[in-house]
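Here is the file upload35.txt (compact mmCIF, C-alpha atoms).
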```
# COMPACT_ATOMS: atom_id res chain seq x y z
CA MET A 1 0.00 0.00 0.00
CA VAL A 2 1.31 3.44 -0.96
CA THR A 3 0.66 6.47 1.25
CA ARG A 4 0.55 9.86 -0.48
CA ILE A 5 1.99 12.84 1.40
CA ASN A 6 2.81 16.49 0.86
CA LEU A 7 6.10 18.08 1.86
CA ALA A 8 6.56 21.58 3.30
CA LEU A 9 10.24 22.51 3.11
CA GLN A 10 11.62 25.40 5.14
CA GLY A 11 14.33 27.77 4.00
CA GLY A 12 17.55 28.39 5.87
CA GLY A 13 20.48 28.74 3.50
CA ALA A 14 23.14 26.05 3.79
CA HIS A 15 21.10 24.39 6.54
CA GLY A 16 18.87 23.19 3.70
CA ALA A 17 21.36 20.33 3.33
CA PHE A 18 19.54 18.79 6.31
CA THR A 19 16.40 18.65 4.16
CA TRP A 20 18.46 17.00 1.42
CA GLY A 21 19.19 14.13 3.81
CA VAL A 22 15.54 13.87 4.88
CA LEU A 23 14.39 13.74 1.26
CA GLU A 24 16.91 11.02 0.47
CA THR A 25 15.43 8.87 3.23
CA LEU A 26 11.84 9.50 2.12
CA LEU A 27 12.73 8.68 -1.49
CA ALA A 28 14.12 5.34 -0.31
CA ALA A 29 10.79 4.43 1.31
CA PRO A 30 8.77 2.59 -1.38
CA GLY A 31 5.51 2.93 0.56
CA ILE A 32 5.54 6.74 0.36
CA GLU A 33 4.54 8.84 -2.64
CA ILE A 34 5.30 12.56 -2.64
CA ALA A 35 2.28 14.28 -4.17
CA GLY A 36 2.92 17.95 -3.43
CA ILE A 37 5.83 20.15 -2.35
CA SER A 38 5.75 23.67 -0.97
CA GLY A 39 9.24 25.16 -0.64
CA THR A 40 10.81 28.43 0.38
CA SER A 41 14.39 29.55 -0.26
CA ALA A 42 16.60 26.45 0.22
CA GLY A 43 13.34 24.49 0.41
CA ALA A 44 12.46 25.76 -3.06
CA LEU A 45 15.83 24.59 -4.41
CA ASN A 46 15.36 21.18 -2.79
CA GLY A 47 11.83 20.93 -4.15
CA ALA A 48 12.87 21.89 -7.67
CA ALA A 49 15.74 19.38 -7.66
CA LEU A 50 13.50 16.59 -6.40
CA LYS A 51 10.79 17.34 -8.96
CA ALA A 52 13.20 17.67 -11.90
CA GLY A 53 15.03 14.49 -10.96
CA MET A 54 11.80 12.56 -10.41
CA ILE A 55 10.55 13.45 -13.88
CA ALA A 56 13.88 12.57 -15.49
CA GLY A 57 14.59 9.32 -13.66
CA GLY A 58 12.14 8.46 -10.89
CA ARG A 59 13.35 8.14 -7.29
CA GLU A 60 16.95 7.48 -8.26
CA GLY A 61 16.84 10.46 -10.60
CA ALA A 62 15.56 12.65 -7.76
CA LYS A 63 18.34 11.45 -5.45
CA ALA A 64 20.97 12.12 -8.12
CA GLU A 65 19.62 15.62 -8.82
CA LEU A 66 19.67 16.50 -5.12
CA ASP A 67 23.25 15.23 -4.85
CA LEU A 68 24.22 17.39 -7.82
CA LEU A 69 22.47 20.47 -6.40
CA TRP A 70 24.34 20.34 -3.11
CA THR A 71 27.64 19.54 -4.78
CA ARG A 72 27.22 22.78 -6.73
CA VAL A 73 26.17 24.70 -3.63
CA GLY A 74 29.21 23.35 -1.77
CA ALA A 75 31.52 24.50 -4.55
CA LEU A 76 29.90 27.92 -4.43
CA GLY A 77 30.47 28.12 -0.69
CA ASP A 78 34.19 27.42 -1.06
CA GLN A 79 34.60 30.15 -3.65
CA ARG A 80 32.23 32.89 -2.57
CA LEU A 81 31.42 32.63 1.12
CA GLN A 82 33.51 31.38 4.05
CA GLY A 83 35.46 28.47 2.62
CA TRP A 84 38.72 30.08 3.76
CA MET A 85 37.79 29.11 7.36
CA GLN A 86 37.35 25.40 6.68
CA PRO A 87 40.95 24.20 7.40
CA PHE A 88 40.69 25.66 10.90
CA MET A 89 37.33 24.08 11.78
CA PRO A 90 37.45 20.52 13.19
CA TYR A 91 33.72 20.51 13.69
CA VAL A 92 30.85 22.95 13.48
CA GLY A 93 30.17 23.20 17.22
CA SER A 94 33.73 24.40 17.86
CA MET A 95 33.43 26.88 15.04
CA MET A 96 30.34 28.53 16.48
CA GLN A 97 31.73 28.58 20.00
CA ALA A 98 34.90 30.26 18.78
CA VAL A 99 33.03 32.81 16.69
CA ASN A 100 30.69 33.71 19.54
CA THR A 101 33.55 33.97 22.05
CA PHE A 102 36.10 35.97 20.11
CA MET A 103 33.83 37.89 17.76
CA PRO A 104 30.51 38.30 19.62
CA PHE A 105 28.92 40.25 16.80
CA SER A 106 27.87 39.49 13.27
CA ALA A 107 30.27 40.93 10.73
CA PRO A 108 27.74 40.37 7.91
CA GLY A 109 25.09 41.96 10.12
CA ILE A 110 27.17 45.09 10.64
CA ALA A 111 28.08 45.19 6.96
CA ALA A 112 24.39 44.95 6.05
CA GLN A 113 23.77 48.20 7.96
CA VAL A 114 26.55 50.00 6.09
CA PHE A 115 26.62 48.45 2.62
CA SER A 116 23.84 47.63 0.18
CA PRO A 117 23.91 44.93 -2.51
CA TYR A 118 22.89 47.77 -4.85
CA ALA A 119 26.25 49.47 -4.22
CA TYR A 120 27.82 47.07 -6.73
CA GLY A 121 25.77 48.59 -9.53
CA PRO A 122 24.81 46.85 -12.79
CA HIS A 123 27.75 44.44 -12.60
CA TRP A 124 26.33 42.71 -9.52
CA LYS A 125 25.58 39.00 -9.99
CA ASN A 126 23.60 36.74 -7.67
CA PRO A 127 26.01 33.90 -6.78
CA LEU A 128 23.11 31.43 -6.74
CA ASP A 129 22.24 32.27 -10.34
CA ARG A 130 24.56 29.72 -11.92
CA VAL A 131 23.27 27.00 -9.56
CA VAL A 132 19.58 27.66 -10.20
CA ARG A 133 19.84 28.05 -13.98
CA ARG A 134 21.23 24.54 -14.34
CA PHE A 135 17.86 23.04 -13.40
CA GLN A 136 15.95 21.42 -16.26
CA PHE A 137 12.93 23.70 -16.03
CA GLU A 138 10.86 21.66 -18.47
CA ASN A 139 10.95 19.01 -15.73
CA VAL A 140 10.58 21.43 -12.82
CA CYS A 141 7.40 22.80 -14.42
CA ALA A 142 6.10 19.47 -15.75
CA TYR A 143 2.44 18.62 -15.27
CA ASP A 144 3.37 15.12 -14.11
CA GLY A 145 5.06 14.28 -10.84
CA PRO A 146 4.69 16.11 -7.53
CA ARG A 147 2.96 19.48 -7.67
CA LEU A 148 5.50 22.15 -6.77
CA PHE A 149 4.84 25.52 -5.10
CA VAL A 150 7.55 28.16 -4.57
CA SER A 151 7.00 31.16 -2.29
CA ALA A 152 8.51 34.65 -2.38
CA THR A 153 7.65 37.96 -0.69
CA ASN A 154 6.43 40.94 -2.71
CA VAL A 155 8.63 43.85 -1.62
CA ARG A 156 6.00 46.55 -2.21
CA SER A 157 2.99 44.83 -0.63
CA GLY A 158 4.73 42.52 1.85
CA LYS A 159 2.37 39.76 0.70
CA ILE A 160 3.30 36.21 -0.18
CA ARG A 161 3.44 35.23 -3.84
CA VAL A 162 3.16 31.53 -4.60
CA PHE A 163 4.53 30.40 -7.97
CA SER A 164 3.41 27.11 -9.50
CA GLY A 165 3.47 25.28 -12.82
CA GLU A 166 5.05 27.27 -15.65
CA GLU A 167 5.42 30.28 -13.31
CA ILE A 168 8.37 28.52 -11.64
CA THR A 169 11.26 30.06 -13.52
CA ALA A 170 14.86 30.56 -12.45
CA GLU A 171 13.84 34.06 -11.36
CA ALA A 172 11.04 32.69 -9.14
CA ILE A 173 13.44 30.37 -7.30
CA LEU A 174 16.07 33.11 -6.98
CA ALA A 175 13.37 35.41 -5.59
CA SER A 176 12.38 32.79 -3.03
CA ALA A 177 16.00 32.71 -1.79
CA CYS A 178 16.68 36.45 -1.96
CA LEU A 179 17.90 37.72 1.41
CA PRO A 180 17.65 41.52 0.98
CA THR A 181 20.83 42.29 2.94
CA MET A 182 22.85 40.01 0.65
CA PHE A 183 21.14 40.07 -2.75
CA GLN A 184 19.42 42.63 -4.93
CA ALA A 185 15.65 42.09 -5.16
CA VAL A 186 14.60 39.82 -8.03
CA GLU A 187 12.25 41.55 -10.45
CA ILE A 188 9.60 39.55 -12.31
CA ASP A 189 6.81 40.62 -14.65
CA ASP A 190 3.72 39.63 -12.68
CA PRO A 191 0.47 39.25 -14.66
CA ARG A 192 -1.49 39.28 -11.40
CA THR A 193 -0.58 42.90 -10.73
CA GLY A 194 0.15 43.97 -14.30
CA ARG A 195 3.54 45.39 -13.40
CA ARG A 196 7.13 44.37 -12.85
CA GLU A 197 7.32 43.35 -9.19
CA ALA A 198 10.33 43.05 -6.90
CA PHE A 199 10.61 40.04 -4.61
CA TRP A 200 12.56 39.06 -1.50
CA ASP A 201 12.99 35.80 0.36
CA GLY A 202 9.76 33.87 0.87
CA GLY A 203 10.65 33.19 4.51
CA TYR A 204 9.28 36.60 5.52
CA SER A 205 5.74 35.67 4.50
CA GLY A 206 5.65 31.86 4.37
CA ASN A 207 8.40 29.53 5.59
CA PRO A 208 7.06 27.38 4.10
CA ALA A 209 3.53 28.22 2.96
CA LEU A 210 1.12 25.42 3.88
CA PHE A 211 -2.08 26.69 2.28
CA PRO A 212 -1.14 25.72 -1.32
CA LEU A 213 -1.16 22.11 -0.11
CA PHE A 214 -4.84 22.32 0.89
CA GLU A 215 -5.94 21.69 -2.71
CA PRO A 216 -8.67 19.00 -2.91
CA ASP A 217 -6.64 16.71 -5.19
CA LEU A 218 -3.69 16.64 -2.78
CA PRO A 219 -3.51 14.28 0.22
CA ASP A 220 -4.38 15.34 3.76
CA ASP A 221 -0.93 14.60 5.22
CA ILE A 222 1.65 17.42 5.30
CA VAL A 223 5.17 16.66 6.50
CA VAL A 224 7.04 19.82 7.51
CA VAL A 225 10.83 19.60 7.32
CA SER A 226 12.00 22.24 9.79
CA ILE A 227 15.50 23.73 9.80
CA ASN A 228 14.82 26.75 12.02
CA PRO A 229 14.58 25.81 15.72
CA LEU A 230 11.14 26.47 17.15
CA TYR A 231 12.45 26.36 20.73
CA ARG A 232 15.71 27.37 22.39
CA ASP A 233 16.13 26.72 26.10
CA ASP A 234 18.97 29.19 26.68
CA ILE A 235 18.23 32.91 26.78
CA PRO A 236 20.40 34.70 24.19
CA GLN A 237 22.78 37.24 25.71
CA THR A 238 25.45 38.22 23.20
CA PRO A 239 24.52 40.51 20.30
CA LEU A 240 25.03 37.64 17.86
CA GLU A 241 22.87 35.24 19.87
CA ILE A 242 20.12 37.84 20.18
CA GLN A 243 20.12 38.59 16.46
CA ASP A 244 20.10 34.88 15.60
CA ARG A 245 17.09 34.24 17.82
CA ILE A 246 15.24 37.23 16.37
CA ASN A 247 15.82 35.79 12.89
CA GLU A 248 14.61 32.33 13.94
CA ILE A 249 11.44 33.72 15.51
CA SER A 250 10.77 35.91 12.48
CA PHE A 251 11.23 33.08 10.00
CA ASN A 252 9.06 30.70 12.03
CA SER A 253 6.20 33.13 12.69
CA SER A 254 4.28 32.51 9.45
CA LEU A 255 4.53 28.73 9.88
CA LEU A 256 3.25 28.94 13.46
CA ARG A 257 0.32 31.10 12.36
CA GLU A 258 -0.71 28.54 9.77
CA LEU A 259 -0.29 25.67 12.23
CA ARG A 260 -2.45 27.49 14.77
CA ALA A 261 -5.17 27.99 12.15
CA ILE A 262 -5.01 24.30 11.24
CA HIS A 263 -5.28 23.35 14.91
CA PHE A 264 -8.31 25.64 15.31
CA VAL A 265 -10.08 24.07 12.32
CA LYS A 266 -9.31 20.56 13.55
CA GLU A 267 -10.83 21.41 16.94
CA LEU A 268 -13.98 22.76 15.26
CA ILE A 269 -14.29 19.61 13.14
CA ALA A 270 -13.72 17.33 16.14
CA GLY A 271 -16.29 19.27 18.18
CA GLY A 272 -18.92 19.13 15.46
CA GLN A 273 -19.03 22.89 14.85
CA ILE A 274 -17.92 22.25 11.27
CA ALA A 275 -19.30 19.32 9.31
CA ARG A 276 -16.64 16.85 8.15
CA GLY A 277 -15.85 17.38 4.52
CA THR A 278 -16.66 21.10 4.63
CA MET A 279 -13.02 22.00 5.27
CA LYS A 280 -9.89 19.92 4.85
CA ASP A 281 -8.93 18.05 8.03
CA VAL A 282 -5.17 18.24 7.54
CA ARG A 283 -2.87 15.76 9.30
CA MET A 284 0.38 17.47 10.31
CA HIS A 285 3.81 15.89 10.84
CA LEU A 286 7.23 17.36 11.62
CA ILE A 287 10.79 16.25 10.90
CA SER A 288 13.47 18.29 12.65
CA ASP A 289 16.65 18.17 14.70
CA ASP A 290 16.54 21.18 17.00
CA ALA A 291 19.49 19.88 19.01
CA LEU A 292 21.70 20.18 15.93
CA MET A 293 20.22 23.42 14.70
CA THR A 294 20.69 25.14 18.07
CA ASP A 295 24.43 24.41 17.73
CA LEU A 296 24.41 26.47 14.55
CA SER A 297 23.61 30.10 13.78
CA SER A 298 22.99 32.48 10.91
CA ALA A 299 26.74 32.41 10.19
CA THR A 300 26.59 28.77 9.09
CA LYS A 301 23.56 29.48 6.90
CA VAL A 302 25.88 31.39 4.56
CA SER A 303 28.86 29.06 5.00
CA ALA A 304 28.09 26.30 2.50
CA THR A 305 31.32 24.37 2.99
CA PRO A 306 31.38 20.65 2.12
CA LEU A 307 32.20 19.86 5.77
CA LEU A 308 29.03 21.54 7.03
CA LEU A 309 26.84 20.23 4.20
CA HIS A 310 28.00 16.65 4.84
CA ARG A 311 27.19 16.87 8.54
CA LEU A 312 23.74 18.32 7.86
CA HIS A 313 23.02 15.76 5.12
CA GLU A 314 23.85 12.86 7.43
CA ALA A 315 21.77 14.37 10.24
CA GLY A 316 18.83 14.75 7.86
CA LYS A 317 19.03 11.09 6.83
CA ILE A 318 19.01 10.03 10.49
CA ALA A 319 16.11 12.35 11.36
CA GLY A 320 14.09 11.12 8.38
CA GLN A 321 14.61 7.49 9.35
CA LYS A 322 13.70 8.18 12.98
CA PHE A 323 10.47 9.77 11.82
CA LEU A 324 9.60 6.81 9.61
CA ASP A 325 10.41 4.33 12.36
CA LYS A 326 8.27 6.18 14.90
CA HIS A 327 5.47 7.64 12.78
CA GLY A 328 5.55 5.92 9.40
CA ALA A 329 2.48 3.86 10.33
CA ASP A 330 0.62 7.05 11.34
CA LEU A 331 0.82 8.60 7.89
CA GLY A 332 -2.60 8.65 6.32
CA LYS A 333 -4.24 8.07 9.72
CA ARG A 334 -3.47 10.72 12.34
CA THR A 335 -1.55 13.90 13.12
CA THR A 336 1.75 13.28 14.89
CA ILE A 337 2.50 16.86 15.98
CA ASP A 338 1.27 17.53 19.52
CA MET A 339 -0.73 20.58 18.47
CA PRO A 340 -2.41 21.24 21.87
CA SER A 341 0.97 21.39 23.62
CA MET A 342 2.45 23.53 20.85
CA PHE A 343 -0.15 26.25 21.39
CA SER A 344 -0.88 25.89 25.10
```

Show how you would write the structure in this file as structure tokens.
Amino acid sequence: MVTRINLALQGGGAHGAFTWGVLETLLAAPGIEIAGISGTSAGALNGAALKAGMIAGGREGAKAELDLLWTRVGALGDQRLQGWMQPFMPYVGSMMQAVNTFMPFSAPGIAAQVFSPYAYGPHWKNPLDRVVRRFQFENVCAYDGPRLFVSATNVRSGKIRVFSGEEITAEAILASACLPTMFQAVEIDDPRTGRREAFWDGGYSGNPALFPLFEPDLPDDIVVVSINPLYRDDIPQTPLEIQDRINEISFNSSLLRELRAIHFVKELIAGGQIARGTMKDVRMHLISDDALMTDLSSATKVSATPLLLHRLHEAGKIAGQKFLDKHGADLGKRTTIDMPSMFS
């Protein structure tokens, strides 16, 4: 028996390699069919790679395309970001401890307040461009295979824009991953508004967006792959820790709002205030590793070194398998997120 599920893939820069590992585990499970994918930022890249690979070569094709994506991202990290630090970093935990101890501020954060990506003028080039444009977009946009949704934030309105089908171009994916302090806004001719719109990272308005997965033809199960910690036990004290936690809360806020709305609807359905079948009774699931992610920070999100990507990939595979071992039998039957505790 095959169980159909939807995937909701969070963004988080290089931490998206964790999702790569999770997807590899899910693709190896023959009893699971991925019917829909909603992705933001790194989640959009993962979703596009999975969809393109699936169309080209089934599950093995999807695995190969994901491998290729993160190989390219790792090469980009060595050349453009913080690859010069790699020889001095025995493991990621030591790296973050050293950074927080000896440089308790965010150099990129300070630079973002002084410099603008527009200061480079017309010669500026998004470093992700050459990674994204190597996707086979006839496969990414194909009618067959999992339905793919990519989210970005409209700069003028602040509203979410969900791209699907033939709307998913290289520009749409670049827009979904466009951090405004690092990249110039991505401009796209938008027939919905009749003008050329500018877009920033989708994480500001939907990280990831769940509502596109409520379509009647998609299954009721949504598996969220989280790479931004929902909970941190320690109170942040250094400027860097405070800024990191602010970013985590900001990028989780839209997801929590949608989860709260889902929980409210489920309570109404269970209590008989809404007739079953009137609204979709979504079953929610979560794959995460907050223990790992709390060891990291925003600095590692832009440090796509092979060392970091390998660790995250392996952690994602383990987390995915733990989820299947514990909750695989619940898919298609019941929600596995403790929603009452989450919102109590």

Around all listed atoms of stretch 213-231 of chain A, padded 8 Å per side, what centre and edge lengths does the axis-aligned box have in Å to one decimal, as AutoDock Vina command-line options?
```
--center_x 3.4 --center_y 20.5 --center_z 7.8 --size_x 40.2 --size_y 28.5 --size_z 41.9
```

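Ranking A:Arg276, A:Lys301, A:Arg156, A:His263 by their shortest atom-to-atom distance to A:Asp244, with all atoms listed in the file included, puts A:Lys301 first.
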
Exercise for the section: Mind giving me the straight-line distance from atom CA of A:Pro212 to atom CA of A:Gly43 in Å, one decimal? Expected result: 14.6 Å

Proximity of stretch 157-235 of chain A to stretch 135-143 of chain A: per-residue shortest pair, 8 Å limit, all atoms listed in the file, as a Markdown table:
```
| residue | atom | partner | partner_atom | distance |
| --- | --- | --- | --- | --- |
| A:Ser164 | CA | A:Cys141 | CA | 7.7 |
| A:Gly165 | CA | A:Cys141 | CA | 4.9 |
| A:Glu166 | CA | A:Cys141 | CA | 5.2 |
| A:Glu167 | CA | A:Cys141 | CA | 7.8 |
| A:Ile168 | CA | A:Cys141 | CA | 6.4 |
| A:Thr169 | CA | A:Phe137 | CA | 7.0 |
| A:Ala170 | CA | A:Phe137 | CA | 8.0 |
```

Would you mind listing, for every residue of stretch 2-40 of chain A within 10 Å of stretch 71-76 of chain A, the two atoms forming the shortest contact and the distance between them in Å to one decimal, using all atoms listed in the file, sorted by chain and ascending residue number, as a Markdown table?
```
| residue | atom | partner | partner_atom | distance |
| --- | --- | --- | --- | --- |
| A:Gly13 | CA | A:Val73 | CA | 10.0 |
| A:Ala14 | CA | A:Val73 | CA | 8.1 |
| A:Ala17 | CA | A:Val73 | CA | 9.5 |
```

Problem - Non-local contacts of stretch 32-39 of chain A (6 Å; all atoms listed in the file; under 4 positions in same chain excluded) as a VMD selection string - result: chain A and resid 2 to 9 43 to 44 146 to 150 208

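Among the candidates A:Ala275, A:Ile188, A:Arg130, A:Ala291, the residue lying nearest to A:Pro229 is A:Ala291 (atoms considered: all atoms listed in the file).
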
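Minimum atom-to-atom distance to A:Ala315, evaluated using all atoms listed in the file, belongs to A:Glu24 out of A:Asp234, A:Glu60, A:Asp67, A:Glu24.
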
Practice task
For each of A:Trp20, A:Phe264, A:Tyr231, A:Tyr204, take the minimum atom-to-atom distance to A:Ser250, counting all atoms listed in the file, then give the residue where this is smallest.
Solution key: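 Closest residue, counting all atoms listed in the file: A:Tyr204.
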
Practice task
Measure the distance from atom CA of A:Gly206 to atom CA of A:Thr40 in Å and round it to one decimal.
Solution key: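 Between atom CA of A:Gly206 and atom CA of A:Thr40 the gap is 7.4 Å.
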
Practice task
Tell me, in Å to one decimal, how far atom CA of A:Ile318 is from atom CA of A:Leu174.
Solution key: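 Pair atom CA of A:Ile318 / atom CA of A:Leu174 returns 29.1 Å.
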
Exercise for the section: For A:Ser41, work out the shell of residues within 6 Å, counting all atoms listed in the file and skipping chain neighbours fewer than 5 positions away, then give it as an NGL selection string. Expected result: :A and (11 or 176-177)

What lies within 9 Å of A:Ile227 using only C-alpha atoms, ignoring chain neighbours under 3 positions off, as a CSV table (one decimal) with C-alpha atoms, keeping the file's coordinate frame?
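Saved the output as part37.csv:
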```csv
chain,number,residue,atom,x,y,z
A,9,LEU,CA,10.2,22.5,3.1
A,10,GLN,CA,11.6,25.4,5.1
A,11,GLY,CA,14.3,27.8,4.0
A,12,GLY,CA,17.6,28.4,5.9
A,15,HIS,CA,21.1,24.4,6.5
A,16,GLY,CA,18.9,23.2,3.7
A,18,PHE,CA,19.5,18.8,6.3
A,19,THR,CA,16.4,18.6,4.2
A,230,LEU,CA,11.1,26.5,17.2
A,287,ILE,CA,10.8,16.2,10.9
A,288,SER,CA,13.5,18.3,12.6
A,289,ASP,CA,16.6,18.2,14.7
A,290,ASP,CA,16.5,21.2,17.0
A,293,MET,CA,20.2,23.4,14.7
```

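Compared by their closest atoms to A:Ala28, and using only C-alpha atoms, the residues A:Met1, A:Met284, A:Ala329, A:Ala62 rank with A:Ala62 nearest.
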
Find the nearest atom pair between each residue of stretch 164-199 of chain A and stretch 116-119 of chain A for residues within 7 Å, count only C-alpha atoms, give distances in Å to one decimal, sort rows by chain and ascending number, and present the table as CSV.
```
residue,atom,partner,partner_atom,distance
A:Thr181,CA,A:Ser116,CA,6.7
A:Met182,CA,A:Pro117,CA,5.9
A:Phe183,CA,A:Pro117,CA,5.6
A:Gln184,CA,A:Pro117,CA,5.6
```

Handout entry: Best match for closeness to A:Asp281 among A:Thr25, A:Thr305, A:Thr335, A:Ser226, counting all atoms listed in the file
Key =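 Result for the nearest residue to A:Asp281: A:Thr335.
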
Start from the incomplete input, build all heavy atoms for stretch 18-26 of chain A, and deliver everything as a CSV table (one decimal), in the frame of the given file.
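Wrote it out as rebuild_1.csv, contents follow:
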```
chain,number,residue,atom,x,y,z
A,18,PHE,N,20.3,19.7,5.4
A,18,PHE,CA,19.5,18.8,6.3
A,18,PHE,C,18.3,18.2,5.6
A,18,PHE,O,18.1,17.0,5.7
A,18,PHE,CB,19.1,19.5,7.6
A,18,PHE,CG,18.3,18.7,8.5
A,18,PHE,CD1,18.8,17.9,9.4
A,18,PHE,CD2,16.9,18.9,8.5
A,18,PHE,CE1,18.0,17.1,10.3
A,18,PHE,CE2,16.1,18.1,9.4
A,18,PHE,CZ,16.7,17.3,10.3
A,19,THR,N,17.6,19.1,4.9
A,19,THR,CA,16.4,18.6,4.2
A,19,THR,C,16.8,17.7,3.1
A,19,THR,O,16.1,16.7,2.8
A,19,THR,CB,15.7,19.9,3.6
A,19,THR,OG1,15.3,20.8,4.6
A,19,THR,CG2,14.4,19.5,2.8
A,20,TRP,N,17.9,17.9,2.4
A,20,TRP,CA,18.5,17.0,1.4
A,20,TRP,C,18.5,15.6,2.0
A,20,TRP,O,18.1,14.6,1.4
A,20,TRP,CB,19.8,17.5,1.0
A,20,TRP,CG,20.7,16.6,0.2
A,20,TRP,CD1,20.3,15.6,-0.7
A,20,TRP,CD2,22.1,16.6,0.2
A,20,TRP,NE1,21.4,15.0,-1.2
A,20,TRP,CE2,22.5,15.6,-0.7
A,20,TRP,CE3,23.1,17.4,0.8
A,20,TRP,CZ2,23.9,15.3,-1.0
A,20,TRP,CZ3,24.4,17.1,0.6
A,20,TRP,CH2,24.8,16.1,-0.3
A,21,GLY,N,19.1,15.4,3.2
A,21,GLY,CA,19.2,14.1,3.8
A,21,GLY,C,17.8,13.5,4.1
A,21,GLY,O,17.6,12.3,3.9
A,22,VAL,N,16.9,14.4,4.6
A,22,VAL,CA,15.5,13.9,4.9
A,22,VAL,C,14.9,13.4,3.6
A,22,VAL,O,14.3,12.3,3.6
A,22,VAL,CB,14.7,15.0,5.5
A,22,VAL,CG1,13.2,14.5,5.6
A,22,VAL,CG2,15.2,15.4,6.9
A,23,LEU,N,15.0,14.1,2.5
A,23,LEU,CA,14.4,13.7,1.3
A,23,LEU,C,15.0,12.4,0.7
A,23,LEU,O,14.3,11.6,0.2
A,23,LEU,CB,14.6,14.8,0.2
A,23,LEU,CG,13.9,16.2,0.5
A,23,LEU,CD1,14.2,17.2,-0.6
A,23,LEU,CD2,12.4,16.0,0.7
A,24,GLU,N,16.3,12.3,0.9
A,24,GLU,CA,16.9,11.0,0.5
A,24,GLU,C,16.3,9.8,1.2
A,24,GLU,O,16.1,8.8,0.6
A,24,GLU,CB,18.4,11.1,0.7
A,24,GLU,CG,19.2,9.9,0.1
A,24,GLU,CD,20.7,10.2,0.2
A,24,GLU,OE1,21.2,11.2,-0.2
A,24,GLU,OE2,21.4,9.3,0.8
A,25,THR,N,16.0,10.0,2.5
A,25,THR,CA,15.4,8.9,3.2
A,25,THR,C,14.0,8.6,2.8
A,25,THR,O,13.6,7.5,2.6
A,25,THR,CB,15.5,9.2,4.7
A,25,THR,OG1,16.8,9.3,5.2
A,25,THR,CG2,14.8,8.1,5.5
A,26,LEU,N,13.2,9.7,2.6
A,26,LEU,CA,11.8,9.5,2.1
A,26,LEU,C,11.8,8.9,0.7
A,26,LEU,O,10.9,8.1,0.4
A,26,LEU,CB,11.1,10.8,2.1
A,26,LEU,CG,10.9,11.5,3.5
A,26,LEU,CD1,10.2,12.9,3.3
A,26,LEU,CD2,10.1,10.6,4.4
```
